[in-house]
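The next block is query00.cif, given as mmCIF, C-alpha atoms and all ligand atoms.
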```cif
data_work
#
loop_
_atom_site.label_atom_id
_atom_site.label_comp_id
_atom_site.auth_asym_id
_atom_site.auth_seq_id
_atom_site.Cartn_x
_atom_site.Cartn_y
_atom_site.Cartn_z
CA MET A 43 122.82 112.76 96.01
CA ASN A 44 121.46 109.33 96.78
CA LYS A 45 117.96 109.10 95.27
CA SER A 46 116.44 107.63 98.41
CA ARG A 47 117.65 110.69 100.36
CA ASP A 48 116.02 113.00 97.87
CA GLY A 49 112.41 111.95 97.93
CA ALA A 50 111.71 110.17 94.67
CA GLY A 51 113.13 106.74 95.55
CA THR A 52 112.17 106.75 99.21
CA ARG A 53 110.47 103.62 100.49
CA ARG A 54 108.82 104.17 103.85
CA TRP A 55 107.45 107.43 105.17
CA VAL A 56 105.92 108.28 108.54
CA VAL A 57 103.69 111.34 108.13
CA LYS A 58 102.65 113.18 111.30
CA ILE A 59 99.77 115.66 111.24
CA GLY A 60 99.65 118.00 114.24
CA SER A 61 96.75 119.28 116.32
CA SER A 62 97.39 122.90 115.34
CA LEU A 63 96.93 121.96 111.71
CA ILE A 64 94.10 119.47 111.74
CA THR A 65 91.59 121.66 113.55
CA ASN A 66 89.38 124.10 111.75
CA ASN A 67 90.14 127.30 113.63
CA GLY A 68 90.08 125.30 116.82
CA THR A 69 86.59 123.88 116.26
CA GLY A 70 86.84 120.19 115.55
CA LEU A 71 88.46 118.68 112.50
CA ASP A 72 89.15 120.37 109.19
CA ARG A 73 87.58 117.74 106.93
CA ASP A 74 88.47 119.52 103.69
CA ALA A 75 92.11 119.49 104.70
CA ILE A 76 91.93 115.82 105.71
CA GLU A 77 90.47 115.02 102.27
CA LYS A 78 93.45 116.72 100.64
CA TRP A 79 96.08 114.93 102.73
CA VAL A 80 94.37 111.60 102.16
CA ARG A 81 94.37 112.14 98.39
CA GLN A 82 98.09 112.86 98.56
CA LEU A 83 98.84 109.90 100.83
CA VAL A 84 97.04 107.60 98.40
CA SER A 85 99.07 109.05 95.56
CA LEU A 86 102.32 108.40 97.49
CA GLN A 87 101.21 104.85 98.12
CA GLN A 88 100.43 104.37 94.43
CA GLY A 89 103.92 105.67 93.70
CA GLY A 90 105.42 102.84 95.77
CA ILE A 91 105.98 104.62 99.08
CA GLU A 92 104.81 102.74 102.15
CA VAL A 93 102.86 105.23 104.22
CA VAL A 94 102.21 105.31 107.95
CA LEU A 95 100.17 108.17 109.38
CA VAL A 96 100.49 109.56 112.90
CA SER A 97 97.62 111.93 113.47
CA SER A 98 96.72 114.16 116.39
CA GLY A 99 93.32 115.76 116.69
CA ALA A 100 91.48 113.50 119.12
CA VAL A 101 91.41 116.04 121.95
CA ALA A 102 90.49 118.89 119.61
CA GLU A 103 87.60 116.90 118.11
CA GLY A 104 86.51 115.67 121.56
CA VAL A 105 86.44 119.23 122.88
CA LYS A 106 84.10 120.15 120.05
CA ARG A 107 81.88 117.09 120.39
CA LEU A 108 81.50 117.64 124.13
CA GLY A 109 80.67 121.32 123.63
CA LEU A 110 83.61 122.49 125.79
CA LYS A 111 84.90 126.02 125.31
CA LYS A 112 88.56 125.01 125.27
CA ARG A 113 90.96 122.15 125.88
CA PRO A 114 90.48 121.17 129.57
CA ARG A 115 93.49 121.62 131.85
CA GLU A 116 92.84 118.45 133.87
CA ILE A 117 94.63 115.48 132.34
CA HIS A 118 91.76 113.05 132.99
CA LEU A 119 89.35 115.36 131.14
CA GLN A 120 91.78 115.67 128.24
CA GLN A 121 91.93 111.88 128.20
CA ALA A 122 88.14 111.70 128.18
CA ALA A 123 87.93 114.26 125.38
CA ALA A 124 90.52 112.27 123.42
CA ALA A 125 88.47 109.09 123.77
CA VAL A 126 85.40 110.88 122.39
CA GLY A 127 87.30 112.68 119.65
CA GLN A 128 89.30 109.66 118.48
CA MET A 129 86.03 108.23 117.13
CA GLY A 130 85.58 111.26 114.87
CA LEU A 131 89.24 111.35 113.87
CA ILE A 132 89.23 107.74 112.73
CA GLN A 133 85.83 108.12 111.05
CA ALA A 134 87.15 111.06 109.05
CA TYR A 135 90.25 109.19 107.84
CA GLU A 136 88.39 105.94 107.22
CA SER A 137 85.73 107.59 105.07
CA CYS A 138 88.25 109.61 103.06
CA PHE A 139 90.56 106.64 102.40
CA GLN A 140 87.55 104.51 101.50
CA GLN A 141 86.81 106.76 98.53
CA TYR A 142 90.03 105.39 97.05
CA GLY A 143 89.39 101.79 98.13
CA VAL A 144 92.26 101.99 100.64
CA HIS A 145 91.83 100.38 104.06
CA THR A 146 92.95 102.07 107.26
CA ALA A 147 93.81 100.59 110.66
CA GLN A 148 93.55 102.35 114.01
CA VAL A 149 96.68 101.88 116.12
CA LEU A 150 96.91 103.46 119.58
CA LEU A 151 100.34 103.31 121.21
CA THR A 152 102.05 104.39 124.41
CA HIS A 153 105.70 104.95 125.10
CA ASP A 154 105.68 101.80 127.21
CA ASP A 155 104.59 99.76 124.19
CA LEU A 156 107.74 100.72 122.36
CA SER A 157 110.21 100.45 125.23
CA ASN A 158 109.02 96.97 126.23
CA ARG A 159 111.01 94.61 123.99
CA ARG A 160 108.24 92.08 123.40
CA ARG A 161 105.62 94.71 122.60
CA TYR A 162 108.16 96.52 120.42
CA LEU A 163 108.53 93.43 118.21
CA ASN A 164 104.76 92.88 118.24
CA ALA A 165 104.05 96.47 117.20
CA ARG A 166 106.74 96.23 114.53
CA SER A 167 105.34 93.01 113.06
CA THR A 168 101.76 94.29 113.10
CA LEU A 169 102.62 97.59 111.44
CA ALA A 170 104.89 95.92 108.90
CA GLY A 171 102.07 93.46 108.16
CA LEU A 172 99.61 96.32 107.63
CA VAL A 173 101.81 98.33 105.29
CA GLY A 174 102.66 95.11 103.45
CA MET A 175 98.94 94.73 102.71
CA GLN A 176 98.72 98.38 101.56
CA VAL A 177 96.66 99.30 104.62
CA VAL A 178 97.40 102.76 106.01
CA PRO A 179 97.90 102.62 109.81
CA VAL A 180 96.47 105.72 111.50
CA ILE A 181 98.41 106.01 114.75
CA ASN A 182 97.73 108.16 117.77
CA GLU A 183 98.86 108.20 121.34
CA ASN A 184 96.71 105.94 123.52
CA ASP A 185 95.48 108.83 125.64
CA THR A 186 93.18 106.73 127.82
CA VAL A 187 96.04 104.86 129.47
CA ALA A 188 98.93 107.25 128.94
CA THR A 189 99.44 109.06 132.26
CA ALA A 190 101.58 112.16 132.68
CA GLU A 191 104.74 110.10 133.24
CA LEU A 192 104.06 107.53 130.58
CA CYS A 193 102.61 109.55 127.75
CA PHE A 194 104.65 110.75 124.84
CA GLY A 195 103.60 114.26 125.71
CA ASP A 196 103.36 114.98 122.04
CA ASN A 197 102.86 113.13 118.82
CA ASP A 198 106.10 114.43 117.31
CA THR A 199 107.97 112.02 119.57
CA LEU A 200 105.51 109.27 118.75
CA GLY A 201 106.14 109.86 115.03
CA ALA A 202 109.90 109.56 115.59
CA LEU A 203 109.56 106.39 117.64
CA VAL A 204 107.41 104.87 114.90
CA ALA A 205 110.05 105.88 112.33
CA ASN A 206 112.66 104.09 114.50
CA LEU A 207 110.41 101.08 114.90
CA LEU A 208 109.80 100.65 111.20
CA GLY A 209 113.19 101.76 109.95
CA ALA A 210 111.45 104.51 107.96
CA ASP A 211 113.71 106.68 105.86
CA THR A 212 111.59 109.82 106.22
CA LEU A 213 109.56 111.42 108.99
CA ILE A 214 107.36 114.23 107.71
CA ILE A 215 105.96 116.55 110.37
CA LEU A 216 103.14 118.65 108.96
CA THR A 217 102.28 121.67 111.03
CA ASP A 218 100.81 125.18 110.80
CA GLN A 219 104.12 126.93 109.95
CA GLN A 220 106.31 126.69 106.84
CA GLY A 221 108.94 124.85 108.87
CA LEU A 222 111.51 125.78 111.49
CA HIS A 223 112.24 129.50 111.48
CA GLU A 224 115.16 131.16 113.20
CA ALA A 225 112.63 132.42 115.78
CA ASP A 226 108.94 131.73 116.47
CA PRO A 227 107.01 133.48 113.64
CA ARG A 228 104.19 134.19 116.07
CA THR A 229 106.47 136.65 117.83
CA GLN A 230 108.86 137.51 114.98
CA ALA A 231 106.99 137.44 111.70
CA ASP A 232 110.04 137.94 109.46
CA ALA A 233 112.25 135.23 111.03
CA PRO A 234 113.93 133.38 108.12
CA LEU A 235 113.08 129.75 107.41
CA ILE A 236 115.83 127.14 107.91
CA ALA A 237 115.85 125.07 104.71
CA GLU A 238 118.28 122.37 105.79
CA ALA A 239 120.38 121.44 108.80
CA MET A 240 121.83 118.41 110.51
CA ALA A 241 119.32 117.13 113.07
CA GLU A 242 122.03 117.18 115.74
CA ASP A 243 122.97 120.83 115.12
CA SER A 244 123.07 122.31 118.61
CA ARG A 245 121.95 125.75 117.42
CA LEU A 246 118.47 124.54 116.44
CA LEU A 247 116.93 124.20 119.90
CA ALA A 248 117.74 127.81 120.71
CA MET A 249 115.56 128.88 117.75
CA ALA A 250 112.54 126.87 118.83
CA GLY A 251 109.72 128.12 120.97
CA GLY A 252 106.73 126.39 122.54
CA SER A 253 103.45 125.40 120.95
CA GLY A 254 100.39 127.29 119.81
CA SER A 255 97.17 127.06 121.81
CA LEU A 256 96.10 123.69 120.38
CA GLY A 257 99.31 121.78 119.95
CA ARG A 258 101.42 120.54 122.80
CA GLY A 259 104.97 120.38 121.59
CA GLY A 260 105.84 123.43 119.52
CA MET A 261 109.11 123.34 117.57
CA ILE A 262 111.14 122.01 120.49
CA THR A 263 109.53 118.58 120.30
CA LYS A 264 109.85 118.59 116.49
CA ILE A 265 113.61 119.09 116.71
CA THR A 266 113.90 116.48 119.45
CA ALA A 267 111.83 114.14 117.29
CA ALA A 268 114.13 114.78 114.33
CA ARG A 269 117.12 113.82 116.49
CA LEU A 270 115.39 110.67 117.61
CA ALA A 271 114.44 109.78 114.03
CA ALA A 272 118.03 110.41 112.93
CA ARG A 273 119.22 107.71 115.34
CA SER A 274 117.73 105.12 113.02
CA GLY A 275 118.86 107.07 109.95
CA ALA A 276 115.59 108.81 109.06
CA ARG A 277 115.60 112.37 107.78
CA THR A 278 112.85 114.66 109.07
CA ILE A 279 111.00 117.26 107.04
CA ILE A 280 108.97 119.88 108.92
CA ALA A 281 106.57 121.55 106.51
CA SER A 282 103.26 123.33 106.29
CA GLY A 283 100.28 121.05 105.83
CA ARG A 284 98.52 124.01 104.17
CA GLU A 285 101.02 124.10 101.32
CA PRO A 286 99.17 122.80 98.24
CA ASP A 287 100.11 119.20 97.38
CA VAL A 288 102.92 119.34 99.92
CA LEU A 289 103.36 115.57 100.24
CA VAL A 290 103.26 114.88 96.54
CA ARG A 291 105.75 117.64 95.84
CA LEU A 292 108.08 116.40 98.56
CA ALA A 293 107.90 112.94 97.02
CA GLN A 294 108.91 114.50 93.72
CA GLY A 295 112.02 115.82 95.44
CA GLU A 296 110.92 119.45 95.78
CA SER A 297 112.54 121.32 98.62
CA ILE A 298 109.76 122.52 100.93
CA GLY A 299 109.98 123.42 104.62
CA THR A 300 112.90 122.39 106.81
CA ARG A 301 114.95 119.24 106.28
CA LEU A 302 116.77 117.87 109.29
CA LEU A 303 119.27 115.26 108.22
CA PRO A 304 120.77 112.22 109.95
CA GLU A 305 124.47 111.49 109.93
CA LYS A 306 124.06 107.85 108.93
CA GLN A 307 122.05 105.86 106.38
CA PRO A 308 119.04 103.98 107.85
CA MET A 309 120.41 100.44 108.02
CA ALA A 310 123.82 101.42 109.39
CA ALA A 311 122.19 103.66 111.98
CA ARG A 312 119.66 101.04 113.02
CA LYS A 313 122.36 98.44 113.49
CA GLN A 314 124.46 100.85 115.52
CA TRP A 315 121.41 101.54 117.68
CA LEU A 316 120.82 97.82 118.16
CA ALA A 317 124.44 97.14 119.02
CA GLY A 318 124.97 100.09 121.29
CA HIS A 319 121.75 100.64 123.16
CA LEU A 320 120.59 97.25 124.34
CA LYS A 321 121.92 94.94 127.00
CA ALA A 322 122.27 91.27 126.05
CA LYS A 323 120.11 88.92 128.12
CA GLY A 324 121.13 85.45 126.92
CA GLN A 325 123.07 83.43 124.42
CA LEU A 326 122.38 81.29 121.37
CA VAL A 327 125.06 78.85 120.30
CA ILE A 328 124.97 78.56 116.51
CA ASP A 329 126.46 75.86 114.32
CA ALA A 330 129.16 76.30 111.68
CA GLY A 331 126.62 76.46 108.82
CA ALA A 332 124.74 79.30 110.52
CA VAL A 333 128.00 81.17 111.18
CA THR A 334 128.78 81.06 107.44
CA VAL A 335 125.28 82.14 106.39
CA LEU A 336 125.24 85.05 108.83
CA ARG A 337 128.73 86.24 107.96
CA GLU A 338 128.73 85.71 104.23
CA SER A 339 125.14 86.20 103.08
CA GLY A 340 123.76 88.59 105.71
CA ARG A 341 120.75 86.33 106.16
CA SER A 342 118.42 85.83 109.14
CA LEU A 343 119.25 83.26 111.82
CA LEU A 344 116.83 80.31 111.55
CA PRO A 345 116.06 77.90 114.44
CA VAL A 346 117.73 75.09 112.46
CA GLY A 347 121.14 76.74 112.92
CA VAL A 348 120.84 77.07 116.70
CA SER A 349 122.45 74.24 118.70
CA ALA A 350 122.00 75.47 122.29
CA VAL A 351 120.25 78.18 124.30
CA ASN A 352 121.87 79.67 127.42
CA GLY A 353 120.25 82.00 129.96
CA GLN A 354 116.71 83.30 130.29
CA PHE A 355 115.27 85.89 127.97
CA ASP A 356 111.95 87.09 126.61
CA ARG A 357 110.84 87.60 123.04
CA GLY A 358 112.26 90.89 121.76
CA GLU A 359 115.31 90.91 124.04
CA MET A 360 118.88 91.16 122.83
CA VAL A 361 120.84 87.90 122.73
CA VAL A 362 124.42 87.16 121.77
CA CYS A 363 125.06 84.52 119.09
CA VAL A 364 128.28 82.57 119.66
CA ASP A 365 129.90 79.80 117.64
CA GLU A 366 130.54 76.39 119.11
CA SER A 367 133.89 77.53 120.55
CA GLY A 368 132.14 80.40 122.39
CA GLN A 369 133.33 83.21 120.11
CA GLU A 370 130.79 86.01 119.57
CA ILE A 371 129.52 86.17 115.98
CA ALA A 372 126.53 88.52 116.20
CA ARG A 373 123.83 89.92 118.45
CA GLY A 374 120.19 90.65 117.80
CA LEU A 375 116.58 90.83 118.94
CA VAL A 376 115.26 87.31 119.38
CA ASN A 377 111.77 86.34 118.19
CA TYR A 378 111.23 83.62 120.80
CA ASP A 379 111.70 83.48 124.57
CA SER A 380 114.35 81.13 125.98
CA ARG A 381 111.88 78.32 126.72
CA GLU A 382 110.43 78.38 123.20
CA ALA A 383 113.89 78.76 121.66
CA SER A 384 115.06 75.61 123.49
CA GLN A 385 112.09 73.71 122.07
CA ILE A 386 112.61 74.69 118.46
CA LEU A 387 116.41 74.67 118.21
CA ARG A 388 117.83 72.52 115.39
CA GLN A 389 114.32 72.35 113.87
CA SER A 390 113.22 73.55 110.47
CA SER A 391 110.93 76.61 110.56
CA ARG A 392 108.08 74.53 109.12
CA GLN A 393 108.01 72.51 112.32
CA ILE A 394 107.61 75.46 114.68
CA GLU A 395 103.82 75.36 114.63
CA GLY A 396 103.72 71.63 115.42
CA ILE A 397 106.11 72.07 118.36
CA LEU A 398 104.81 75.29 119.91
CA GLY A 399 101.18 75.04 118.83
CA TYR A 400 101.12 78.39 117.03
CA VAL A 401 102.67 80.05 114.01
CA GLY A 402 105.43 82.36 115.11
CA ASP A 403 108.15 83.96 113.03
CA ALA A 404 110.12 81.72 110.67
CA GLU A 405 113.37 83.27 111.92
CA MET A 406 114.96 83.02 115.35
CA ILE A 407 116.40 86.50 114.67
CA HIS A 408 115.37 88.49 111.60
CA ARG A 409 118.29 89.92 109.61
CA ASP A 410 117.03 93.49 110.15
CA ASN A 411 117.39 92.91 113.89
CA LEU A 412 120.81 91.26 113.71
CA VAL A 413 124.22 92.91 113.91
CA LEU A 414 127.41 91.04 113.09
CA THR A 415 130.24 91.43 115.59
CA GLU A 416 133.21 93.04 113.88
N1 LIG B 1 111.37 128.68 115.57
C1 LIG B 1 110.10 128.37 115.26
N2 LIG B 1 109.73 128.19 113.96
C2 LIG B 1 108.46 127.88 113.64
N3 LIG B 1 107.46 127.72 114.55
C3 LIG B 1 107.77 127.87 115.86
C4 LIG B 1 109.10 128.20 116.27
N4 LIG B 1 109.11 128.26 117.63
C5 LIG B 1 107.86 127.99 118.04
N5 LIG B 1 107.03 127.76 117.00
C6 LIG B 1 105.60 127.48 117.15
O1 LIG B 1 105.35 126.09 117.02
C7 LIG B 1 104.01 125.94 116.59
C8 LIG B 1 103.79 124.55 116.03
O2 LIG B 1 103.83 123.64 117.09
P1 LIG B 1 102.49 123.01 117.69
O3 LIG B 1 101.53 124.10 118.05
O4 LIG B 1 102.89 122.05 118.75
O5 LIG B 1 101.96 122.29 116.40
P2 LIG B 1 101.46 120.84 116.05
O6 LIG B 1 100.14 120.72 116.72
O7 LIG B 1 101.40 120.87 114.57
O8 LIG B 1 102.45 119.86 116.60
C9 LIG B 1 103.82 127.04 115.60
O9 LIG B 1 102.50 127.47 115.50
C10 LIG B 1 104.75 128.13 116.07
O10 LIG B 1 104.11 129.24 116.62
N1 LIG B 2 96.73 112.31 121.23
C1 LIG B 2 96.48 113.73 121.32
C2 LIG B 2 97.82 114.31 121.02
C3 LIG B 2 97.87 115.66 120.66
C4 LIG B 2 99.26 116.25 120.50
O1 LIG B 2 100.19 116.06 121.24
O2 LIG B 2 99.34 116.95 119.44
P1 LIG B 2 100.59 117.60 118.70
O3 LIG B 2 100.62 118.98 119.16
O4 LIG B 2 100.23 117.43 117.32
O5 LIG B 2 101.86 116.86 118.99
C5 LIG B 2 95.36 114.09 120.33
O6 LIG B 2 95.10 113.35 119.38
O7 LIG B 2 94.70 115.10 120.54
#
```
Using the file provided, produce a representation of the structure as structure tokens.
Ligand SMILES: Nc1ncnc2c1ncn2[C@@H]1O[C@H](COP(=O)(O)OP(=O)(O)O)[C@@H](O)[C@H]1O
Ligand SMILES: N[C@@H](CCC(=O)OP(=O)(O)O)C(=O)O
Amino acid sequence: MNKSRDGAGTRRWVVKIGSSLITNNGTGLDRDAIEKWVRQLVSLQQGGIEVVLVSSGAVAEGVKRLGLKKRPREIHLQQAAAAVGQMGLIQAYESCFQQYGVHTAQVLLTHDDLSNRRRYLNARSTLAGLVGMQVVPVINENDTVATAELCFGDNDTLGALVANLLGADTLIILTDQQGLHEADPRTQADAPLIAEAMAEDSRLLAMAGGSGSLGRGGMITKITAARLAARSGARTIIASGREPDVLVRLAQGESIGTRLLPEKQPMAARKQWLAGHLKAKGQLVIDAGAVTVLRESGRSLLPVGVSAVNGQFDRGEMVVCVDESGQEIARGLVNYDSREASQILRQSSRQIEGILGYVGDAEMIHRDNLVLTE
């Protein structure tokens, strides 16, 4: 088996910690448990794995801080509790990571942030910048602005969308059960654990029940998240966050919990997603040198290779790259809007700042966001 599929050689992991797990019997945060996960996350990072954390717990901590008896039913009060509790959640992670000299960054996202093309690229660049500097992003849903229609509804989905965004190879969902069982262990204690399945396996959803009292998604959203993560080639592991050294052991390739596998490897899947799911908004005409570089070396498209810009598009939208005879060569997510692209075409990347007045990306389209037309 490919090493990167088996834990030890894996490069980028999104680890999601659920509400049911992070609370101490429903009363605020379980700081001892947070300490343990942080120690493991630092050890993964030291082992060369880029780590991004998606953590729930804001509402649970807010409920405790506000002295409420239980999670309020009204959405606006849940949002208020989340705003209060997020302070404690971030404080807990920040202080634990600081013991190891590791910086953390608070990132609050909504679904809208990741479906809007410009914000998608911005979120991607910021998160990639953070992990590149060995900072651990601690992501949560932006509950203050996420309304019922807009919100992720659960952080499992958020974890999967972040895995898509960053091209992560693994999404780990830590929860309060050993993994996905053939039936909800709360109602059927002896239901066997599923060790491995394809994320798309249609039998899985029938096994999943709803959430416990604290979480929102239950197993249904974890399976849906695994399917979403698989679209960009990430495998998902659902495991118990109470299992000693669970993250470290997973990184060593130990089989713990439930593995839900994608059909395709990350890069192939991401490119298929790019090619198939987005509508092209404009066109870049590229010169013969750029055609060769794209086709033969798989490199990024630089402004210097662009000879004309057709149509109107925003940063982050899909554009088609054609050669000077109009034949399609590739398509990809463009780093500049059509007005900026027209200003910097045929220019070297070093000149972008002088022309636009700010430092943007060196590439017109980064190679990770570019798909060659067959
Ligand atoms: N088939 C299943 N296997 C395991 N757990 C299940 C299953 N169906 C439903 N569940 C429930 O899902 C819960 C975990 O989901 P949830 O409460 O949303 O957790 P989290 O807050 O970690 O996301 C478990 O406590 C369990 O009772
Ligand atoms: N943003 C909320 C999300 C909670 C949530 O959906 O939790 P989970 O059951 O872990 O998917 C919080 O931090 O409390």
Point to revise | Residue nearest Leu86 in chain A - candidates A:Gln133, A:Ser339, A:Gln176, A:Thr69, atoms counted: all atoms listed in the file | key: A:Gln176
Check your understanding: Given the choices A:Met406, A:Leu208, A:Leu289, A:Leu200, which gets closest to Arg81 in chain A if the distance is worked out from all atoms listed in the file?
Key ->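 When distances to Arg81 in chain A are compared using all atoms listed in the file, the smallest one comes from A:Leu289.
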Got a sec to check which residues lie within 9 Å of ligand LIG 1 (chain B), using all atoms listed in the file, and send them as a PDB file with C-alpha atoms, in the frame of the given file?
```pdb
ATOM      1  CA  LYS A  58     102.650 113.180 111.300  1.00  0.00           C
ATOM      2  CA  ILE A  59      99.770 115.660 111.240  1.00  0.00           C
ATOM      3  CA  GLY A  60      99.650 118.000 114.240  1.00  0.00           C
ATOM      4  CA  SER A  61      96.750 119.280 116.320  1.00  0.00           C
ATOM      5  CA  SER A  62      97.390 122.900 115.340  1.00  0.00           C
ATOM      6  CA  LEU A  63      96.930 121.960 111.710  1.00  0.00           C
ATOM      7  CA  ILE A  64      94.100 119.470 111.740  1.00  0.00           C
ATOM      8  CA  SER A  98      96.720 114.160 116.390  1.00  0.00           C
ATOM      9  CA  GLY A  99      93.320 115.760 116.690  1.00  0.00           C
ATOM     10  CA  ASP A 196     103.360 114.980 122.040  1.00  0.00           C
ATOM     11  CA  ASN A 197     102.860 113.130 118.820  1.00  0.00           C
ATOM     12  CA  ASP A 198     106.100 114.430 117.310  1.00  0.00           C
ATOM     13  CA  ILE A 215     105.960 116.550 110.370  1.00  0.00           C
ATOM     14  CA  LEU A 216     103.140 118.650 108.960  1.00  0.00           C
ATOM     15  CA  THR A 217     102.280 121.670 111.030  1.00  0.00           C
ATOM     16  CA  ASP A 218     100.810 125.180 110.800  1.00  0.00           C
ATOM     17  CA  GLN A 219     104.120 126.930 109.950  1.00  0.00           C
ATOM     18  CA  GLN A 220     106.310 126.690 106.840  1.00  0.00           C
ATOM     19  CA  GLY A 221     108.940 124.850 108.870  1.00  0.00           C
ATOM     20  CA  LEU A 222     111.510 125.780 111.490  1.00  0.00           C
ATOM     21  CA  HIS A 223     112.240 129.500 111.480  1.00  0.00           C
ATOM     22  CA  GLU A 224     115.160 131.160 113.200  1.00  0.00           C
ATOM     23  CA  ALA A 225     112.630 132.420 115.780  1.00  0.00           C
ATOM     24  CA  ASP A 226     108.940 131.730 116.470  1.00  0.00           C
ATOM     25  CA  PRO A 227     107.010 133.480 113.640  1.00  0.00           C
ATOM     26  CA  ARG A 228     104.190 134.190 116.070  1.00  0.00           C
ATOM     27  CA  THR A 229     106.470 136.650 117.830  1.00  0.00           C
ATOM     28  CA  ALA A 233     112.250 135.230 111.030  1.00  0.00           C
ATOM     29  CA  PRO A 234     113.930 133.380 108.120  1.00  0.00           C
ATOM     30  CA  LEU A 235     113.080 129.750 107.410  1.00  0.00           C
ATOM     31  CA  ILE A 236     115.830 127.140 107.910  1.00  0.00           C
ATOM     32  CA  LEU A 246     118.470 124.540 116.440  1.00  0.00           C
ATOM     33  CA  LEU A 247     116.930 124.200 119.900  1.00  0.00           C
ATOM     34  CA  ALA A 248     117.740 127.810 120.710  1.00  0.00           C
ATOM     35  CA  MET A 249     115.560 128.880 117.750  1.00  0.00           C
ATOM     36  CA  ALA A 250     112.540 126.870 118.830  1.00  0.00           C
ATOM     37  CA  GLY A 251     109.720 128.120 120.970  1.00  0.00           C
ATOM     38  CA  GLY A 252     106.730 126.390 122.540  1.00  0.00           C
ATOM     39  CA  SER A 253     103.450 125.400 120.950  1.00  0.00           C
ATOM     40  CA  GLY A 254     100.390 127.290 119.810  1.00  0.00           C
ATOM     41  CA  SER A 255      97.170 127.060 121.810  1.00  0.00           C
ATOM     42  CA  LEU A 256      96.100 123.690 120.380  1.00  0.00           C
ATOM     43  CA  GLY A 257      99.310 121.780 119.950  1.00  0.00           C
ATOM     44  CA  ARG A 258     101.420 120.540 122.800  1.00  0.00           C
ATOM     45  CA  GLY A 259     104.970 120.380 121.590  1.00  0.00           C
ATOM     46  CA  GLY A 260     105.840 123.430 119.520  1.00  0.00           C
ATOM     47  CA  MET A 261     109.110 123.340 117.570  1.00  0.00           C
ATOM     48  CA  ILE A 262     111.140 122.010 120.490  1.00  0.00           C
ATOM     49  CA  THR A 263     109.530 118.580 120.300  1.00  0.00           C
ATOM     50  CA  LYS A 264     109.850 118.590 116.490  1.00  0.00           C
ATOM     51  CA  SER A 282     103.260 123.330 106.290  1.00  0.00           C
ATOM     52  CA  GLY A 283     100.280 121.050 105.830  1.00  0.00           C
TER      53      GLY A 283
END
```
Check your understanding: Between CA of Val101 in chain A and atom C1 of ligand LIG 2 (chain B), what is the spacing in Å?
Key ->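 Between these atoms lies a distance of 5.6 Å.
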For Leu169 in chain A: contacts at 9 Å, only C-alpha atoms, fewer than 4 positions along chain excluded, given as a compact mmCIF listing (two decimals) with C-alpha atoms, in the frame of the given file:
```
# COMPACT_ATOMS: atom_id res chain seq x y z
CA VAL A 94 102.21 105.31 107.95
CA VAL A 149 96.68 101.88 116.12
CA ASN A 164 104.76 92.88 118.24
CA ALA A 165 104.05 96.47 117.20
CA VAL A 173 101.81 98.33 105.29
CA GLY A 174 102.66 95.11 103.45
CA PRO A 179 97.90 102.62 109.81
CA LEU A 208 109.80 100.65 111.20
```
**Study point:** Contacts of range 407-410 of chain A at 7 Å (only C-alpha atoms; same-chain gap of 3+ positions) as number ranges by chain
**Key:** A: 340-344, 374-377
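Distances to Arg291 in chain A were evaluated for A:Val126, A:Ile328, A:Leu83, A:Val401 using all atoms listed in the file, and the minimum falls at A:Leu83.
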Revision key, fill the gap. Counting only C-alpha atoms and all ligand atoms, the residue among A:Val204, A:His153, A:Ala75, A:Ile181 that lies closest to ligand LIG 2 (chain B) is A:Ile181
Review point. Using all atoms listed in the file, which of the listed residues (A:Leu151, A:Cys138, A:Ile279, A:Ile76) sits closest to ligand LIG 2 (chain B)?
Key: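 Closest residue, counting all atoms listed in the file: A:Leu151.
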Check your understanding: Any idea what the distance is between CA of Glu305 in chain A and CA of Glu370 in chain A?
Key ->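 Rounded to one decimal, the two atoms are 28.0 Å apart.
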